[in-house]
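> So that we are looking at the same thing, I have put the structure below in structure tokens.
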Amino acid sequence: MEGAYDAVVVGSGFGGGITACRMAEQGWRVCALERGRRFGPGDFPDRPEQAPRMSWHPHHNPGGMFDLRIMRDIAVLSGTGVGGGSLVPTAIGVNPSKTIAALDERGVERLLVERGP
Ligand SMILES: Cc1cc2nc3c(=O)[nH]c(=O)nc-3n(C[C@H](O)[C@H](O)[C@H](O)COP(=O)(O)OP(=O)(O)OC[C@H]3O[C@@H](n4cnc5c(N)ncnc54)[C@H](O)[C@@H]3O)c2cc1C
């Protein structure tokens, strides 16, 4: 790690990963922090009996891929690792009805979503 950064991004999922990428493309020194490990081909489970060891826990299984938080009224499942939720998608893509992508004056891509009536 370097001694100083222009930006620190916590998490490397869809949000953090793209944010860090875009800032780095603009020449910023970016530190991206990720609590999970890096997964490669062959690291992904393909048998039901592998499921328990895929559950992430900071102490008991820091190499897991899924973080499941069960609270009183809600349960939250998220991906944990380099790539965040992009590690575990179920291939559902929903296009906004009217979307315009544009570059601002600094060359940074902005996604402008017009909400229809
Ligand atoms: C099983 C599953 C299937 C899904 N399928 C789809 C789909 O088909 N289509 C779709 O549109 N969406 C899908 N989603 C939802 C999608 O994955 C999320 O909406 C998206 O990942 C959210 O992006 P994010 O950047 O906000 O967070 P995430 O992608 O969850 O990334 C957050 C990252 O931050 C890291 N992190 C958290 N806390 C810390 C910390 N303190 N220090 C360091 N790192 C930290 C996490 O490890 C993680 O890598 C799915 C989600 C799950 C769980």
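To be explicit about the labels: the chains of the structure tokens are called A, B, and onward in the order shown, and within each one the residues are counted from 1, while ligands get numbers from 1 in the order they are shown.
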Could you list, as a PyMOL selection string, all the residues within 6 Å of ligand 1, counting only C-alpha atoms and all ligand atoms?
chain A and resi 10-16+33-36+77-86+88-93
> Could you save those same residues with N, CA and C atoms as a short mmCIF file (atom, residue, chain, number, x, y, z; two decimals), in the first residue's frame?

data_model
loop_
_atom_site.label_atom_id
_atom_site.label_comp_id
_atom_site.auth_asym_id
_atom_site.auth_seq_id
_atom_site.Cartn_x
_atom_site.Cartn_y
_atom_site.Cartn_z
N VAL A 10 -14.52 1.59 -0.09
CA VAL A 10 -14.74 0.39 0.73
C VAL A 10 -15.70 -0.53 -0.02
N GLY A 11 -15.21 -1.70 -0.39
CA GLY A 11 -16.02 -2.68 -1.11
C GLY A 11 -15.72 -2.65 -2.59
N SER A 12 -15.70 -3.83 -3.21
CA SER A 12 -15.34 -3.94 -4.63
C SER A 12 -16.47 -4.52 -5.46
N GLY A 13 -17.72 -4.33 -5.02
CA GLY A 13 -18.87 -4.83 -5.76
C GLY A 13 -19.20 -3.95 -6.95
N PHE A 14 -20.44 -4.07 -7.44
CA PHE A 14 -20.84 -3.27 -8.60
C PHE A 14 -20.61 -1.78 -8.35
N GLY A 15 -20.96 -1.31 -7.17
CA GLY A 15 -20.82 0.11 -6.86
C GLY A 15 -19.37 0.51 -6.65
N GLY A 16 -18.72 -0.13 -5.68
CA GLY A 16 -17.35 0.23 -5.33
C GLY A 16 -16.36 -0.07 -6.44
N LEU A 33 -10.65 -1.16 -0.69
CA LEU A 33 -10.60 -2.11 0.41
C LEU A 33 -11.69 -3.16 0.23
N GLU A 34 -11.33 -4.42 0.35
CA GLU A 34 -12.30 -5.51 0.19
C GLU A 34 -12.07 -6.52 1.31
N ARG A 35 -13.14 -6.86 2.03
CA ARG A 35 -13.00 -7.77 3.16
C ARG A 35 -12.90 -9.23 2.74
N GLY A 36 -13.40 -9.55 1.55
CA GLY A 36 -13.40 -10.94 1.09
C GLY A 36 -12.18 -11.25 0.25
N LEU A 77 -28.90 -11.33 2.05
CA LEU A 77 -27.86 -12.17 1.46
C LEU A 77 -27.05 -11.32 0.49
N SER A 78 -25.74 -11.33 0.62
CA SER A 78 -24.91 -10.56 -0.30
C SER A 78 -23.64 -11.33 -0.62
N GLY A 79 -23.01 -10.94 -1.71
CA GLY A 79 -21.76 -11.56 -2.11
C GLY A 79 -20.59 -10.93 -1.38
N THR A 80 -19.59 -11.74 -1.05
CA THR A 80 -18.42 -11.25 -0.32
C THR A 80 -17.16 -11.76 -1.01
N GLY A 81 -16.36 -10.85 -1.48
CA GLY A 81 -15.14 -11.21 -2.18
C GLY A 81 -14.85 -10.14 -3.21
N VAL A 82 -13.73 -10.26 -3.88
CA VAL A 82 -13.39 -9.27 -4.91
C VAL A 82 -14.42 -9.39 -6.03
N GLY A 83 -15.21 -8.35 -6.19
CA GLY A 83 -16.32 -8.37 -7.15
C GLY A 83 -17.68 -8.27 -6.45
N GLY A 84 -17.71 -8.49 -5.15
CA GLY A 84 -18.96 -8.37 -4.39
C GLY A 84 -20.08 -9.21 -4.99
N GLY A 85 -21.22 -8.59 -5.18
CA GLY A 85 -22.39 -9.29 -5.70
C GLY A 85 -22.22 -9.81 -7.11
N SER A 86 -21.25 -9.30 -7.84
CA SER A 86 -21.04 -9.80 -9.21
C SER A 86 -20.53 -11.24 -9.19
N VAL A 88 -22.06 -13.61 -7.56
CA VAL A 88 -23.17 -14.53 -7.30
C VAL A 88 -24.46 -14.16 -8.04
N PRO A 89 -24.42 -13.57 -9.23
CA PRO A 89 -25.66 -13.11 -9.85
C PRO A 89 -26.54 -14.28 -10.30
N THR A 90 -27.84 -13.99 -10.37
CA THR A 90 -28.76 -14.99 -10.90
C THR A 90 -29.24 -14.59 -12.29
N ALA A 91 -28.50 -13.69 -12.93
CA ALA A 91 -28.70 -13.34 -14.34
C ALA A 91 -30.01 -12.63 -14.61
N ILE A 92 -30.43 -11.77 -13.71
CA ILE A 92 -31.62 -10.96 -13.94
C ILE A 92 -31.17 -9.55 -14.27
N GLY A 93 -31.53 -9.06 -15.43
CA GLY A 93 -31.18 -7.71 -15.83
C GLY A 93 -32.42 -6.94 -16.18
#
> Set the distance at 8 Å and use only C-alpha atoms: which residues neighbour A:Ala20 once local chain neighbours fewer than 4 positions away are removed? I'd like the list as a list in words.
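Close residues of A:Ala20: Val9, Gly16, Ala24, Val30, Cys31 and Ala32 of chain A.
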> Write out as a PyMOL selection string each polymer residue whose atoms come within 12 Å of A:Pro52, counting only C-alpha atoms; drop sequence neighbours fewer than 4 positions from it.
chain A and resi 45+47-48+56-57+60-61+63-68
> For the selection just defined, write its residues with N, CA and C atoms to a file, as a PDB file, in the first residue's frame.

ATOM      1  N   PRO A  45     -18.709 -23.113  -6.044  1.00  0.00           N
ATOM      2  CA  PRO A  45     -19.288 -24.412  -5.687  1.00  0.00           C
ATOM      3  C   PRO A  45     -20.160 -24.953  -6.817  1.00  0.00           C
ATOM      4  N   ARG A  47     -21.595 -28.302  -6.055  1.00  0.00           N
ATOM      5  CA  ARG A  47     -22.282 -29.425  -5.414  1.00  0.00           C
ATOM      6  C   ARG A  47     -22.926 -28.935  -4.117  1.00  0.00           C
ATOM      7  N   PRO A  48     -24.127 -29.416  -3.780  1.00  0.00           N
ATOM      8  CA  PRO A  48     -24.842 -28.941  -2.589  1.00  0.00           C
ATOM      9  C   PRO A  48     -24.022 -29.062  -1.301  1.00  0.00           C
ATOM     10  N   TRP A  56     -19.864 -16.855   4.383  1.00  0.00           N
ATOM     11  CA  TRP A  56     -18.789 -16.000   4.914  1.00  0.00           C
ATOM     12  C   TRP A  56     -19.015 -15.688   6.384  1.00  0.00           C
ATOM     13  N   HIS A  57     -17.939 -15.705   7.149  1.00  0.00           N
ATOM     14  CA  HIS A  57     -17.966 -15.232   8.529  1.00  0.00           C
ATOM     15  C   HIS A  57     -16.602 -14.599   8.809  1.00  0.00           C
ATOM     16  N   HIS A  60     -14.878 -17.230  11.509  1.00  0.00           N
ATOM     17  CA  HIS A  60     -14.950 -18.675  11.290  1.00  0.00           C
ATOM     18  C   HIS A  60     -14.741 -19.080   9.833  1.00  0.00           C
ATOM     19  N   ASN A  61     -15.078 -18.187   8.902  1.00  0.00           N
ATOM     20  CA  ASN A  61     -14.874 -18.532   7.491  1.00  0.00           C
ATOM     21  C   ASN A  61     -14.680 -17.265   6.648  1.00  0.00           C
ATOM     22  N   GLY A  63     -13.014 -16.794   4.139  1.00  0.00           N
ATOM     23  CA  GLY A  63     -12.867 -17.064   2.709  1.00  0.00           C
ATOM     24  C   GLY A  63     -14.177 -17.405   2.030  1.00  0.00           C
ATOM     25  N   GLY A  64     -15.307 -17.256   2.745  1.00  0.00           N
ATOM     26  CA  GLY A  64     -16.612 -17.576   2.173  1.00  0.00           C
ATOM     27  C   GLY A  64     -17.054 -16.580   1.119  1.00  0.00           C
ATOM     28  N   MET A  65     -18.118 -16.943   0.413  1.00  0.00           N
ATOM     29  CA  MET A  65     -18.577 -16.134  -0.721  1.00  0.00           C
ATOM     30  C   MET A  65     -19.908 -15.435  -0.458  1.00  0.00           C
ATOM     31  N   PHE A  66     -20.719 -15.981   0.460  1.00  0.00           N
ATOM     32  CA  PHE A  66     -22.032 -15.399   0.758  1.00  0.00           C
ATOM     33  C   PHE A  66     -22.056 -14.888   2.191  1.00  0.00           C
ATOM     34  N   ASP A  67     -22.542 -13.665   2.369  1.00  0.00           N
ATOM     35  CA  ASP A  67     -22.759 -13.123   3.709  1.00  0.00           C
ATOM     36  C   ASP A  67     -24.266 -13.117   3.955  1.00  0.00           C
ATOM     37  N   LEU A  68     -24.722 -13.940   4.879  1.00  0.00           N
ATOM     38  CA  LEU A  68     -26.147 -14.007   5.205  1.00  0.00           C
ATOM     39  C   LEU A  68     -26.366 -13.408   6.586  1.00  0.00           C
TER      40      LEU A  68
END
> Pull the strand (DSSP E or B) assignments for stretch 27-86 of chain A out of DSSP run on the backbone, and list those residues as number ranges by chain.
A: 30-33, 55, 57, 61, 66-70, 75-79
> Looking at A:Asp73, A:Asp6, A:Asp104, A:Glu49, which one is nearest to A:Gly27, with distances taken over only C-alpha atoms?
A:Asp6
> Mind checking DSSP for chain A and telling me the alpha helix (DSSP H) residues as a list in words?
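Taking chain A and keeping alpha helix (DSSP H) gives Phe14, Gly15, Gly16, Gly17, Ile18, Thr19, Ala20, Cys21, Arg22, Met23, Ala24 and Glu25 of chain A.
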